[in-house]
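**Q** So here's start.cif (mmCIF, C-alpha atoms).
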data_run
#
loop_
_atom_site.label_atom_id
_atom_site.label_comp_id
_atom_site.auth_asym_id
_atom_site.auth_seq_id
_atom_site.Cartn_x
_atom_site.Cartn_y
_atom_site.Cartn_z
CA MET A 1 69.51 -30.37 73.08
CA ASN A 2 68.53 -30.25 69.43
CA ARG A 3 65.10 -30.69 67.81
CA GLU A 4 65.74 -34.32 66.89
CA GLN A 5 66.54 -35.24 70.50
CA ALA A 6 63.38 -33.51 71.70
CA LEU A 7 61.16 -35.12 69.05
CA PHE A 8 62.74 -38.54 69.63
CA ALA A 9 62.05 -38.28 73.38
CA ASN A 10 58.50 -37.13 72.61
CA ASP A 11 58.00 -40.21 70.40
CA ALA A 12 59.39 -42.42 73.18
CA PHE A 13 56.88 -40.88 75.61
CA TYR A 14 53.90 -41.69 73.37
CA LEU A 15 55.30 -45.15 72.64
CA ALA A 16 55.52 -45.91 76.39
CA PHE A 17 52.01 -44.45 76.81
CA SER A 18 50.56 -46.55 73.93
CA GLN A 19 52.32 -49.72 74.98
CA ARG A 20 51.39 -49.21 78.66
CA ASP A 21 55.06 -49.66 79.56
CA ALA A 22 55.43 -48.25 83.08
CA ASP A 23 59.18 -49.00 83.24
CA ALA A 24 59.87 -47.13 80.00
CA MET A 25 57.67 -44.28 81.24
CA ALA A 26 59.58 -44.06 84.55
CA ALA A 27 62.92 -43.98 82.70
CA LEU A 28 61.69 -41.08 80.55
CA TRP A 29 61.10 -38.65 83.43
CA ALA A 30 63.88 -36.49 84.90
CA GLU A 31 65.51 -37.57 88.14
CA GLN A 32 67.36 -34.40 89.15
CA ALA A 33 64.86 -31.67 88.25
CA THR A 34 61.44 -31.42 89.92
CA VAL A 35 58.88 -32.90 87.54
CA SER A 36 55.20 -32.00 87.22
CA CYS A 37 52.20 -33.22 85.26
CA VAL A 38 48.66 -31.98 84.54
CA HIS A 39 46.45 -34.76 83.17
CA PRO A 40 43.19 -33.62 81.50
CA GLY A 41 40.80 -32.41 84.22
CA TRP A 42 43.31 -33.06 87.02
CA PRO A 43 45.01 -30.75 89.48
CA ALA A 44 48.80 -30.45 89.15
CA LEU A 45 50.97 -33.34 90.32
CA VAL A 46 54.45 -32.34 91.49
CA GLY A 47 57.46 -34.60 92.09
CA ARG A 48 58.43 -38.04 90.73
CA GLU A 49 56.39 -39.97 93.29
CA GLU A 50 53.08 -38.25 92.46
CA VAL A 51 53.72 -38.05 88.73
CA LEU A 52 54.94 -41.63 88.23
CA GLY A 53 52.27 -42.96 90.59
CA SER A 54 49.62 -41.40 88.34
CA TRP A 55 51.19 -42.94 85.23
CA GLN A 56 51.38 -46.37 86.87
CA ARG A 57 47.65 -46.21 87.56
CA ILE A 58 46.82 -44.93 84.07
CA LEU A 59 49.01 -47.52 82.31
CA ALA A 60 47.69 -50.36 84.49
CA ASN A 61 44.10 -49.63 83.45
CA PRO A 62 43.12 -52.25 80.86
CA ASP A 63 40.29 -50.01 79.63
CA ALA A 64 42.61 -47.08 78.93
CA PRO A 65 42.02 -45.83 75.38
CA THR A 66 44.83 -45.66 72.85
CA VAL A 67 46.63 -42.38 72.23
CA GLU A 68 48.14 -41.02 69.02
CA CYS A 69 50.50 -38.04 68.80
CA HIS A 70 50.05 -35.66 65.87
CA GLN A 71 52.02 -32.69 64.56
CA PRO A 72 54.79 -32.48 67.17
CA GLU A 73 56.71 -29.20 67.01
CA ALA A 74 59.87 -28.64 69.04
CA LEU A 75 60.81 -25.25 70.48
CA LEU A 76 64.36 -25.06 71.84
CA LEU A 77 65.16 -23.11 75.01
CA PRO A 78 68.31 -22.12 76.92
CA GLY A 79 69.70 -24.49 79.57
CA GLN A 80 69.33 -27.64 77.43
CA LEU A 81 65.55 -27.47 77.63
CA ALA A 82 62.98 -27.96 74.90
CA GLN A 83 59.22 -27.83 74.67
CA VAL A 84 57.31 -30.09 72.28
CA ILE A 85 53.78 -28.97 71.41
CA CYS A 86 51.54 -31.59 69.82
CA TYR A 87 47.99 -32.90 69.60
CA GLU A 88 46.85 -36.11 71.22
CA GLN A 89 44.02 -38.07 69.67
CA ILE A 90 42.33 -40.28 72.27
CA GLU A 91 39.41 -41.99 70.58
CA GLN A 92 37.22 -39.12 69.31
CA GLN A 93 38.76 -36.48 71.58
CA VAL A 94 41.68 -34.22 70.67
CA LEU A 95 43.89 -32.64 73.33
CA THR A 96 46.50 -29.91 73.02
CA ALA A 97 49.61 -31.16 74.80
CA SER A 98 52.90 -29.64 75.78
CA ASN A 99 55.78 -31.81 76.83
CA TRP A 100 58.91 -30.27 78.33
CA PHE A 101 62.29 -31.97 78.20
CA LEU A 102 65.60 -31.33 79.94
CA LEU A 103 68.90 -32.93 78.97
CA GLU A 104 69.98 -35.05 81.97
CA ALA A 105 73.00 -37.36 81.69
CA GLY A 106 72.92 -36.94 77.91
CA GLN A 107 69.25 -37.97 77.62
CA ALA A 108 66.25 -35.74 76.96
CA ARG A 109 63.97 -36.39 79.94
CA LEU A 110 60.47 -35.16 80.66
CA ILE A 111 60.04 -32.47 83.28
CA HIS A 112 56.40 -31.54 82.53
CA HIS A 113 53.42 -32.90 80.61
CA GLN A 114 50.14 -31.04 80.30
CA ALA A 115 47.23 -32.07 78.08
CA SER A 116 44.10 -29.93 77.72
CA PRO A 117 40.92 -30.80 75.79
CA CYS A 118 40.86 -28.92 72.49
CA ALA A 119 37.39 -27.91 71.31
CA HIS A 120 38.38 -26.83 67.78
CA PRO A 121 41.56 -28.65 66.82
CA PRO A 122 43.38 -28.05 63.55
CA ALA A 123 43.05 -30.69 60.82
CA LEU A 124 45.30 -33.49 62.03
CA GLU A 125 47.83 -35.04 59.68
CA PRO A 126 48.44 -38.79 60.06
CA ALA A 127 50.58 -39.65 63.09
CA ARG A 128 54.34 -39.68 62.38
CA PRO A 129 55.85 -43.11 61.81
CA ARG A 130 57.62 -44.28 64.95
CA THR A 131 61.35 -43.80 64.76
CA ILE A 132 62.14 -45.89 67.83
CA GLN A 133 63.83 -49.22 67.10
CA MET B 1 66.14 -16.57 88.31
CA ASN B 2 64.97 -17.12 91.87
CA ARG B 3 61.52 -18.03 93.22
CA GLU B 4 60.64 -14.45 94.12
CA GLN B 5 61.34 -13.24 90.57
CA ALA B 6 59.17 -16.02 89.14
CA LEU B 7 56.30 -15.42 91.57
CA PHE B 8 56.51 -11.64 91.07
CA ALA B 9 56.28 -12.08 87.27
CA ASN B 10 53.38 -14.51 87.77
CA ASP B 11 51.58 -11.88 89.89
CA ALA B 12 52.25 -9.27 87.19
CA PHE B 13 50.72 -11.61 84.59
CA TYR B 14 47.48 -12.03 86.56
CA LEU B 15 47.39 -8.30 87.35
CA ALA B 16 47.61 -7.45 83.61
CA PHE B 17 44.97 -10.13 82.94
CA SER B 18 42.61 -8.79 85.66
CA GLN B 19 43.10 -5.17 84.69
CA ARG B 20 42.75 -5.94 80.95
CA ASP B 21 46.03 -4.12 80.36
CA ALA B 22 47.19 -5.22 76.90
CA ASP B 23 50.39 -3.11 77.04
CA ALA B 24 51.45 -4.61 80.36
CA MET B 25 50.61 -8.07 78.97
CA ALA B 26 52.73 -7.50 75.85
CA ALA B 27 55.69 -6.34 77.96
CA LEU B 28 55.48 -9.52 80.05
CA TRP B 29 56.10 -11.93 77.15
CA ALA B 30 59.60 -12.86 75.97
CA GLU B 31 60.97 -11.18 72.85
CA GLN B 32 63.95 -13.41 72.05
CA ALA B 33 62.61 -16.89 72.79
CA THR B 34 59.69 -18.39 70.85
CA VAL B 35 56.58 -18.03 72.99
CA SER B 36 53.50 -20.27 73.02
CA CYS B 37 50.11 -20.32 74.71
CA VAL B 38 47.26 -22.82 75.16
CA HIS B 39 44.05 -21.10 76.30
CA PRO B 40 41.33 -23.43 77.71
CA GLY B 41 39.82 -25.41 74.82
CA TRP B 42 42.12 -23.81 72.23
CA PRO B 43 44.78 -25.25 69.96
CA ALA B 44 48.35 -24.11 70.61
CA LEU B 45 49.35 -20.59 69.58
CA VAL B 46 53.03 -20.17 68.71
CA GLY B 47 54.99 -16.92 68.31
CA ARG B 48 54.47 -13.40 69.68
CA GLU B 49 52.07 -12.35 66.95
CA GLU B 50 49.61 -15.21 67.52
CA VAL B 51 49.96 -15.21 71.30
CA LEU B 52 49.69 -11.45 71.84
CA GLY B 53 46.92 -11.20 69.24
CA SER B 54 44.87 -13.67 71.29
CA TRP B 55 45.50 -11.71 74.49
CA GLN B 56 44.51 -8.44 72.83
CA ARG B 57 41.18 -9.99 71.84
CA ILE B 58 40.61 -11.54 75.27
CA LEU B 59 41.50 -8.35 77.15
CA ALA B 60 39.38 -6.18 74.82
CA ASN B 61 36.27 -8.24 75.57
CA PRO B 62 34.17 -6.23 78.04
CA ASP B 63 32.32 -9.40 79.07
CA ALA B 64 35.50 -11.24 80.00
CA PRO B 65 35.13 -12.68 83.50
CA THR B 66 37.57 -11.82 86.27
CA VAL B 67 40.42 -14.17 87.11
CA GLU B 68 42.06 -14.91 90.45
CA CYS B 69 45.34 -16.77 90.91
CA HIS B 70 45.59 -19.20 93.82
CA GLN B 71 48.42 -21.22 95.33
CA PRO B 72 51.26 -20.31 92.96
CA GLU B 73 54.27 -22.62 93.34
CA ALA B 74 57.57 -21.89 91.57
CA LEU B 75 59.84 -24.66 90.28
CA LEU B 76 63.30 -23.46 89.21
CA LEU B 77 65.04 -24.91 86.16
CA PRO B 78 68.48 -24.60 84.53
CA GLY B 79 69.07 -21.84 81.96
CA GLN B 80 67.37 -19.09 84.01
CA LEU B 81 63.96 -20.67 83.50
CA ALA B 82 61.18 -21.24 86.00
CA GLN B 83 57.74 -22.79 85.93
CA VAL B 84 54.93 -21.47 88.12
CA ILE B 85 52.03 -23.86 88.72
CA CYS B 86 48.84 -22.32 90.06
CA TYR B 87 45.05 -22.47 89.99
CA GLU B 88 42.91 -19.89 88.22
CA GLN B 89 39.43 -19.18 89.50
CA ILE B 90 37.26 -17.76 86.73
CA GLU B 91 33.77 -17.31 88.14
CA GLN B 92 32.74 -20.82 89.27
CA GLN B 93 35.36 -22.64 87.19
CA VAL B 94 38.83 -23.62 88.37
CA LEU B 95 41.69 -24.20 85.93
CA THR B 96 45.10 -25.74 86.49
CA ALA B 97 47.64 -23.37 84.96
CA SER B 98 51.33 -23.51 84.28
CA ASN B 99 53.24 -20.39 83.43
CA TRP B 100 56.84 -20.60 82.22
CA PHE B 101 59.30 -17.75 82.59
CA LEU B 102 62.73 -17.05 81.14
CA LEU B 103 65.09 -14.32 82.36
CA GLU B 104 65.52 -11.91 79.43
CA ALA B 105 67.40 -8.63 79.91
CA GLY B 106 67.16 -9.11 83.67
CA GLN B 107 63.38 -9.55 83.65
CA ALA B 108 61.40 -12.79 84.09
CA ARG B 109 59.31 -13.00 80.94
CA LEU B 110 56.61 -15.45 79.94
CA ILE B 111 57.46 -18.06 77.33
CA HIS B 112 54.39 -20.31 77.80
CA HIS B 113 50.97 -20.21 79.45
CA GLN B 114 48.63 -23.19 79.52
CA ALA B 115 45.37 -23.38 81.46
CA SER B 116 43.29 -26.56 81.61
CA PRO B 117 39.86 -26.99 83.24
CA CYS B 118 40.23 -28.81 86.58
CA ALA B 119 37.32 -31.09 87.48
CA HIS B 120 38.33 -31.77 91.09
CA PRO B 121 40.51 -28.89 92.28
CA PRO B 122 42.14 -28.83 95.71
CA ALA B 123 40.61 -26.55 98.35
CA LEU B 124 41.75 -23.09 97.31
CA GLU B 125 43.29 -20.73 99.81
CA PRO B 126 42.44 -17.03 99.44
CA ALA B 127 44.34 -15.37 96.57
CA ARG B 128 47.74 -13.95 97.61
CA PRO B 129 47.82 -10.23 98.27
CA ARG B 130 49.29 -8.40 95.26
CA THR B 131 52.91 -7.50 95.78
CA ILE B 132 53.09 -5.16 92.77
CA GLN B 133 53.44 -1.47 93.69
#
Write out the structure in this file as C-alpha cells.
**A**
Amino acid sequence: MNREQALFANDAFYLAFSQRDADAMAALWAEQATVSCVHPGWPALVGREEVLGSWQRILANPDAPTVECHQPEALLLPGQLAQVICYEQIEQQVLTASNWFLLEAGQARLIHHQASPCAHPPALEPARPRTIQ
Amino acid sequence: MNREQALFANDAFYLAFSQRDADAMAALWAEQATVSCVHPGWPALVGREEVLGSWQRILANPDAPTVECHQPEALLLPGQLAQVICYEQIEQQVLTASNWFLLEAGQARLIHHQASPCAHPPALEPARPRTIQ
C-alpha cells in the first residue's frame, strides 16, 4: 500500500460517513481481518457484525451531525498496512482519529477506527477537496 | 507475532506505565517504524521524539494516578503486527485503549497507543496477574 491508496480510502470513509451511505461504509471495511472500532465515549466493538451494526445505526440517525476530516497524514507499515491520523470536526467539537487500513483484494480496507475528543486541537486547515469521483 | 507475544508486550507497557519507568517505556517503542500516540484529550503525537517526550513528562509527574489494564484482547494482523484492545482504569475513570505492536528485532514493540474516555464501560474483571518476571 502506498500513501495515496491510504489517503484515498480515508477520504472514501469520510465521504460514506458524511453521505450516510451504509452500503459504501460496509464495502470499506475488511472482510478477512478482524475489524474493530472505538467510537467517542464507547467501549471497543470487535468483528464486522458489531462494527457495521454500529455504523448502520449512526448513519440511519437523521439528527447525526456532519463530519469533516482535516489534516490526514498516512504512516505506512509492513504487511500492506497503513495508519491515517487525522482530525474530525463534528460541529464545534474536534476529535483526534486514527484509521487503520489493510490491503485486501487490491483495495485498502479499514480494520480499525478510533476517534477521541481532543481538548486542545491544532489549528485546522480547510478540509481537503474530495478526490472521489 | 503470536497472541502471547502481543499480550506480554502489552503487560510490559502497563508495568512501565505503573512503575513510572521511562527507560523501560523507551525500550518498548519501535525504533524503525514511525510511532504515534494519542493520549486522552490530546492531539496526535508522531515520531519517537514527540511520543517519548510525552511519556517522560507523564512518568515524571509525581501526582500521576495509577493505571490498571483490564481485559486485554489481542488481534493478529499480517506483517508481524498485532493490536491489543483493553480497558484502562485510572482512578474512577475507564478508558478504551488500543495498543499496536510490530515485531522488531524479535521483540514486539509499540507503534501506536490511543486511549479514549469510555462513558459506559463493560463490567471490568480484575486486572490480569503480571506475567513479567
**Q** Given all atoms listed in the file as the basis, pick out the residue of A:Leu124, A:Ala60, A:Leu15, A:Ala26 nearest to chain B.
**A**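 Smallest distance to chain B is found for A:Leu124.
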**Q** Between B:Gln92, B:Gln19, B:Ser98, B:Ser116, which residue has the minimum interatomic distance to chain A, considering only C-alpha atoms?
**A**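 The shortest atom-to-atom distance to chain A comes from B:Ser116.
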**Q** Rounded to one decimal in Å, what is the spacing between CA of Pro72 in chain A and CA of Gly53 in chain A?
**A**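 Spanning CA of Pro72 in chain A to CA of Gly53 in chain A is a straight-line distance of 25.8 Å.
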**Q** For Cys118 in chain A, find every residue with an atom within 10 Å (counting all atoms listed in the file), except residues of its own chain fewer than 2 positions away, and show them as a PDB file with C-alpha atoms, keeping the file's coordinate frame.
**A**
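selection.pdb was written with the following content:
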ATOM      1  CA  TYR A  87      47.990 -32.900  69.600  1.00  0.00           C
ATOM      2  CA  GLU A  88      46.850 -36.110  71.220  1.00  0.00           C
ATOM      3  CA  GLN A  93      38.760 -36.480  71.580  1.00  0.00           C
ATOM      4  CA  VAL A  94      41.680 -34.220  70.670  1.00  0.00           C
ATOM      5  CA  LEU A  95      43.890 -32.640  73.330  1.00  0.00           C
ATOM      6  CA  THR A  96      46.500 -29.910  73.020  1.00  0.00           C
ATOM      7  CA  ALA A  97      49.610 -31.160  74.800  1.00  0.00           C
ATOM      8  CA  ALA A 115      47.230 -32.070  78.080  1.00  0.00           C
ATOM      9  CA  SER A 116      44.100 -29.930  77.720  1.00  0.00           C
ATOM     10  CA  HIS A 120      38.380 -26.830  67.780  1.00  0.00           C
ATOM     11  CA  PRO A 121      41.560 -28.650  66.820  1.00  0.00           C
ATOM     12  CA  PRO A 122      43.380 -28.050  63.550  1.00  0.00           C
TER      13      PRO A 122
ATOM     14  CA  VAL B  38      47.260 -22.820  75.160  1.00  0.00           C
ATOM     15  CA  HIS B  39      44.050 -21.100  76.300  1.00  0.00           C
ATOM     16  CA  PRO B  40      41.330 -23.430  77.710  1.00  0.00           C
ATOM     17  CA  GLY B  41      39.820 -25.410  74.820  1.00  0.00           C
ATOM     18  CA  TRP B  42      42.120 -23.810  72.230  1.00  0.00           C
ATOM     19  CA  PRO B  43      44.780 -25.250  69.960  1.00  0.00           C
ATOM     20  CA  ALA B  44      48.350 -24.110  70.610  1.00  0.00           C
ATOM     21  CA  SER B 116      43.290 -26.560  81.610  1.00  0.00           C
TER      22      SER B 116
END
**Q** Just the number, please: distance in Å from CA of Pro78 in chain B to CA of Ala6 in chain B, one decimal.
**A** 13.5 Å
**Q** After a least-squares superposition on chain B over all sequentially paired C-alpha atoms, what is chain A as a short mmCIF file (atom, residue, chain, number, x, y, z; two decimals) with C-alpha atoms, in the frame of the given file?
**A**
data_model
loop_
_atom_site.label_atom_id
_atom_site.label_comp_id
_atom_site.auth_asym_id
_atom_site.auth_seq_id
_atom_site.Cartn_x
_atom_site.Cartn_y
_atom_site.Cartn_z
CA MET A 1 66.14 -16.59 88.32
CA ASN A 2 64.98 -17.13 91.88
CA ARG A 3 61.52 -18.05 93.20
CA GLU A 4 60.66 -14.47 94.12
CA GLN A 5 61.34 -13.25 90.57
CA ALA A 6 59.18 -16.03 89.14
CA LEU A 7 56.31 -15.43 91.57
CA PHE A 8 56.52 -11.66 91.07
CA ALA A 9 56.29 -12.09 87.28
CA ASN A 10 53.39 -14.52 87.78
CA ASP A 11 51.58 -11.90 89.89
CA ALA A 12 52.25 -9.28 87.20
CA PHE A 13 50.72 -11.61 84.59
CA TYR A 14 47.48 -12.03 86.57
CA LEU A 15 47.40 -8.31 87.36
CA ALA A 16 47.62 -7.46 83.63
CA PHE A 17 44.97 -10.14 82.94
CA SER A 18 42.60 -8.80 85.66
CA GLN A 19 43.11 -5.18 84.71
CA ARG A 20 42.75 -5.94 80.97
CA ASP A 21 46.03 -4.11 80.37
CA ALA A 22 47.20 -5.22 76.92
CA ASP A 23 50.38 -3.10 77.06
CA ALA A 24 51.46 -4.62 80.37
CA MET A 25 50.62 -8.07 79.00
CA ALA A 26 52.73 -7.49 75.86
CA ALA A 27 55.69 -6.33 77.98
CA LEU A 28 55.48 -9.52 80.07
CA TRP A 29 56.10 -11.94 77.18
CA ALA A 30 59.60 -12.86 75.98
CA GLU A 31 60.96 -11.19 72.87
CA GLN A 32 63.95 -13.40 72.07
CA ALA A 33 62.61 -16.89 72.80
CA THR A 34 59.69 -18.39 70.86
CA VAL A 35 56.57 -18.03 72.99
CA SER A 36 53.50 -20.27 73.02
CA CYS A 37 50.11 -20.31 74.71
CA VAL A 38 47.26 -22.81 75.16
CA HIS A 39 44.05 -21.10 76.29
CA PRO A 40 41.34 -23.42 77.71
CA GLY A 41 39.82 -25.40 74.82
CA TRP A 42 42.12 -23.80 72.23
CA PRO A 43 44.77 -25.25 69.95
CA ALA A 44 48.35 -24.10 70.60
CA LEU A 45 49.34 -20.58 69.57
CA VAL A 46 53.03 -20.16 68.70
CA GLY A 47 54.99 -16.92 68.32
CA ARG A 48 54.47 -13.39 69.70
CA GLU A 49 52.07 -12.34 66.95
CA GLU A 50 49.60 -15.20 67.53
CA VAL A 51 49.96 -15.21 71.30
CA LEU A 52 49.68 -11.44 71.85
CA GLY A 53 46.91 -11.18 69.25
CA SER A 54 44.88 -13.67 71.30
CA TRP A 55 45.48 -11.70 74.51
CA GLN A 56 44.49 -8.43 72.84
CA ARG A 57 41.17 -9.98 71.84
CA ILE A 58 40.61 -11.54 75.27
CA LEU A 59 41.50 -8.34 77.17
CA ALA A 60 39.38 -6.18 74.84
CA ASN A 61 36.27 -8.24 75.59
CA PRO A 62 34.15 -6.23 78.05
CA ASP A 63 32.30 -9.39 79.08
CA ALA A 64 35.49 -11.24 80.01
CA PRO A 65 35.13 -12.68 83.52
CA THR A 66 37.57 -11.81 86.28
CA VAL A 67 40.43 -14.17 87.09
CA GLU A 68 42.07 -14.91 90.44
CA CYS A 69 45.36 -16.78 90.90
CA HIS A 70 45.61 -19.20 93.82
CA GLN A 71 48.44 -21.22 95.33
CA PRO A 72 51.29 -20.32 92.96
CA GLU A 73 54.29 -22.63 93.33
CA ALA A 74 57.58 -21.91 91.58
CA LEU A 75 59.85 -24.67 90.27
CA LEU A 76 63.31 -23.47 89.21
CA LEU A 77 65.04 -24.92 86.15
CA PRO A 78 68.48 -24.61 84.52
CA GLY A 79 69.08 -21.84 81.96
CA GLN A 80 67.37 -19.10 84.01
CA LEU A 81 63.96 -20.69 83.50
CA ALA A 82 61.19 -21.26 86.00
CA GLN A 83 57.75 -22.81 85.93
CA VAL A 84 54.94 -21.49 88.11
CA ILE A 85 52.04 -23.88 88.71
CA CYS A 86 48.85 -22.33 90.07
CA TYR A 87 45.06 -22.47 89.97
CA GLU A 88 42.93 -19.91 88.21
CA GLN A 89 39.45 -19.19 89.50
CA ILE A 90 37.26 -17.75 86.73
CA GLU A 91 33.79 -17.30 88.15
CA GLN A 92 32.75 -20.81 89.28
CA GLN A 93 35.36 -22.63 87.18
CA VAL A 94 38.83 -23.63 88.37
CA LEU A 95 41.69 -24.20 85.92
CA THR A 96 45.10 -25.74 86.49
CA ALA A 97 47.64 -23.38 84.95
CA SER A 98 51.33 -23.52 84.27
CA ASN A 99 53.25 -20.40 83.43
CA TRP A 100 56.84 -20.61 82.22
CA PHE A 101 59.30 -17.76 82.60
CA LEU A 102 62.74 -17.06 81.15
CA LEU A 103 65.09 -14.35 82.36
CA GLU A 104 65.53 -11.93 79.43
CA ALA A 105 67.41 -8.65 79.92
CA GLY A 106 67.18 -9.13 83.69
CA GLN A 107 63.39 -9.58 83.66
CA ALA A 108 61.42 -12.79 84.10
CA ARG A 109 59.31 -13.00 80.93
CA LEU A 110 56.61 -15.46 79.95
CA ILE A 111 57.45 -18.06 77.34
CA HIS A 112 54.39 -20.32 77.80
CA HIS A 113 50.97 -20.22 79.45
CA GLN A 114 48.63 -23.19 79.52
CA ALA A 115 45.37 -23.38 81.47
CA SER A 116 43.27 -26.56 81.61
CA PRO A 117 39.85 -26.99 83.25
CA CYS A 118 40.24 -28.81 86.57
CA ALA A 119 37.33 -31.08 87.47
CA HIS A 120 38.36 -31.76 91.09
CA PRO A 121 40.52 -28.89 92.28
CA PRO A 122 42.16 -28.81 95.70
CA ALA A 123 40.63 -26.54 98.35
CA LEU A 124 41.74 -23.08 97.28
CA GLU A 125 43.29 -20.72 99.81
CA PRO A 126 42.46 -17.01 99.43
CA ALA A 127 44.35 -15.36 96.57
CA ARG A 128 47.75 -13.91 97.59
CA PRO A 129 47.79 -10.18 98.23
CA ARG A 130 49.23 -8.37 95.23
CA THR A 131 52.84 -7.40 95.73
CA ILE A 132 53.02 -5.12 92.70
CA GLN A 133 53.26 -1.41 93.52
#
**Q** Translate the PyMOL selection byres ((chain B and resi 56) around 12), as applied to the file shown, into an explicit residue set as number ranges by chain.
**A** B: 16-17, 20-26, 48-55, 57-62, 64
**Q** Please, which residues are within 9 Å of (63.1, -22.0, 71.0) by the file's coordinates, counting only C-alpha atoms, and could they come as a count of residues only?
**A** 12
**Q** Please, what distance in Å, to one decimal, runs between CA of Glu73 in chain B and CA of Gln107 in chain A?
**A**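 So the answer is 26.6 Å.
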**Q** Tell me which of A:Ala127, A:Ala27, A:Ile90, A:Val67 sits closest to Ile111 in chain A, counting all atoms listed in the file.
**A**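 Among A:Ala127, A:Ala27, A:Ile90, A:Val67, it is A:Ala27 that comes nearest to Ile111 in chain A.
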**Q** Using all atoms listed in the file, which residues sit within 8 Å of Leu103 in chain A once same-chain residues fewer than 3 positions away are excluded, as a list of chain:residue names?
**A**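 So, after excluding close chain neighbours, the residues are A:Met1, A:Gln80, A:Leu81, A:Gly106, A:Gln107, A:Ala108, A:Arg109.
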**Q** Using all atoms listed in the file, which residue out of A:Leu28, A:His112, A:Val46, A:Ile85 lies closest to His70 in chain A?
**A** A:Ile85
**Q** Have a look at B:Glu4, B:Glu104, B:Glu125, B:Glu68 and name the one nearest to chain A; count only C-alpha atoms.
**A**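 Nearest candidate to chain A out of B:Glu4, B:Glu104, B:Glu125, B:Glu68: B:Glu104.
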**Q** Between A:Gly47, A:Thr66, A:Glu91, A:Leu110, which is the closest to Phe8 in chain A once you count all atoms listed in the file?
**A** A:Leu110
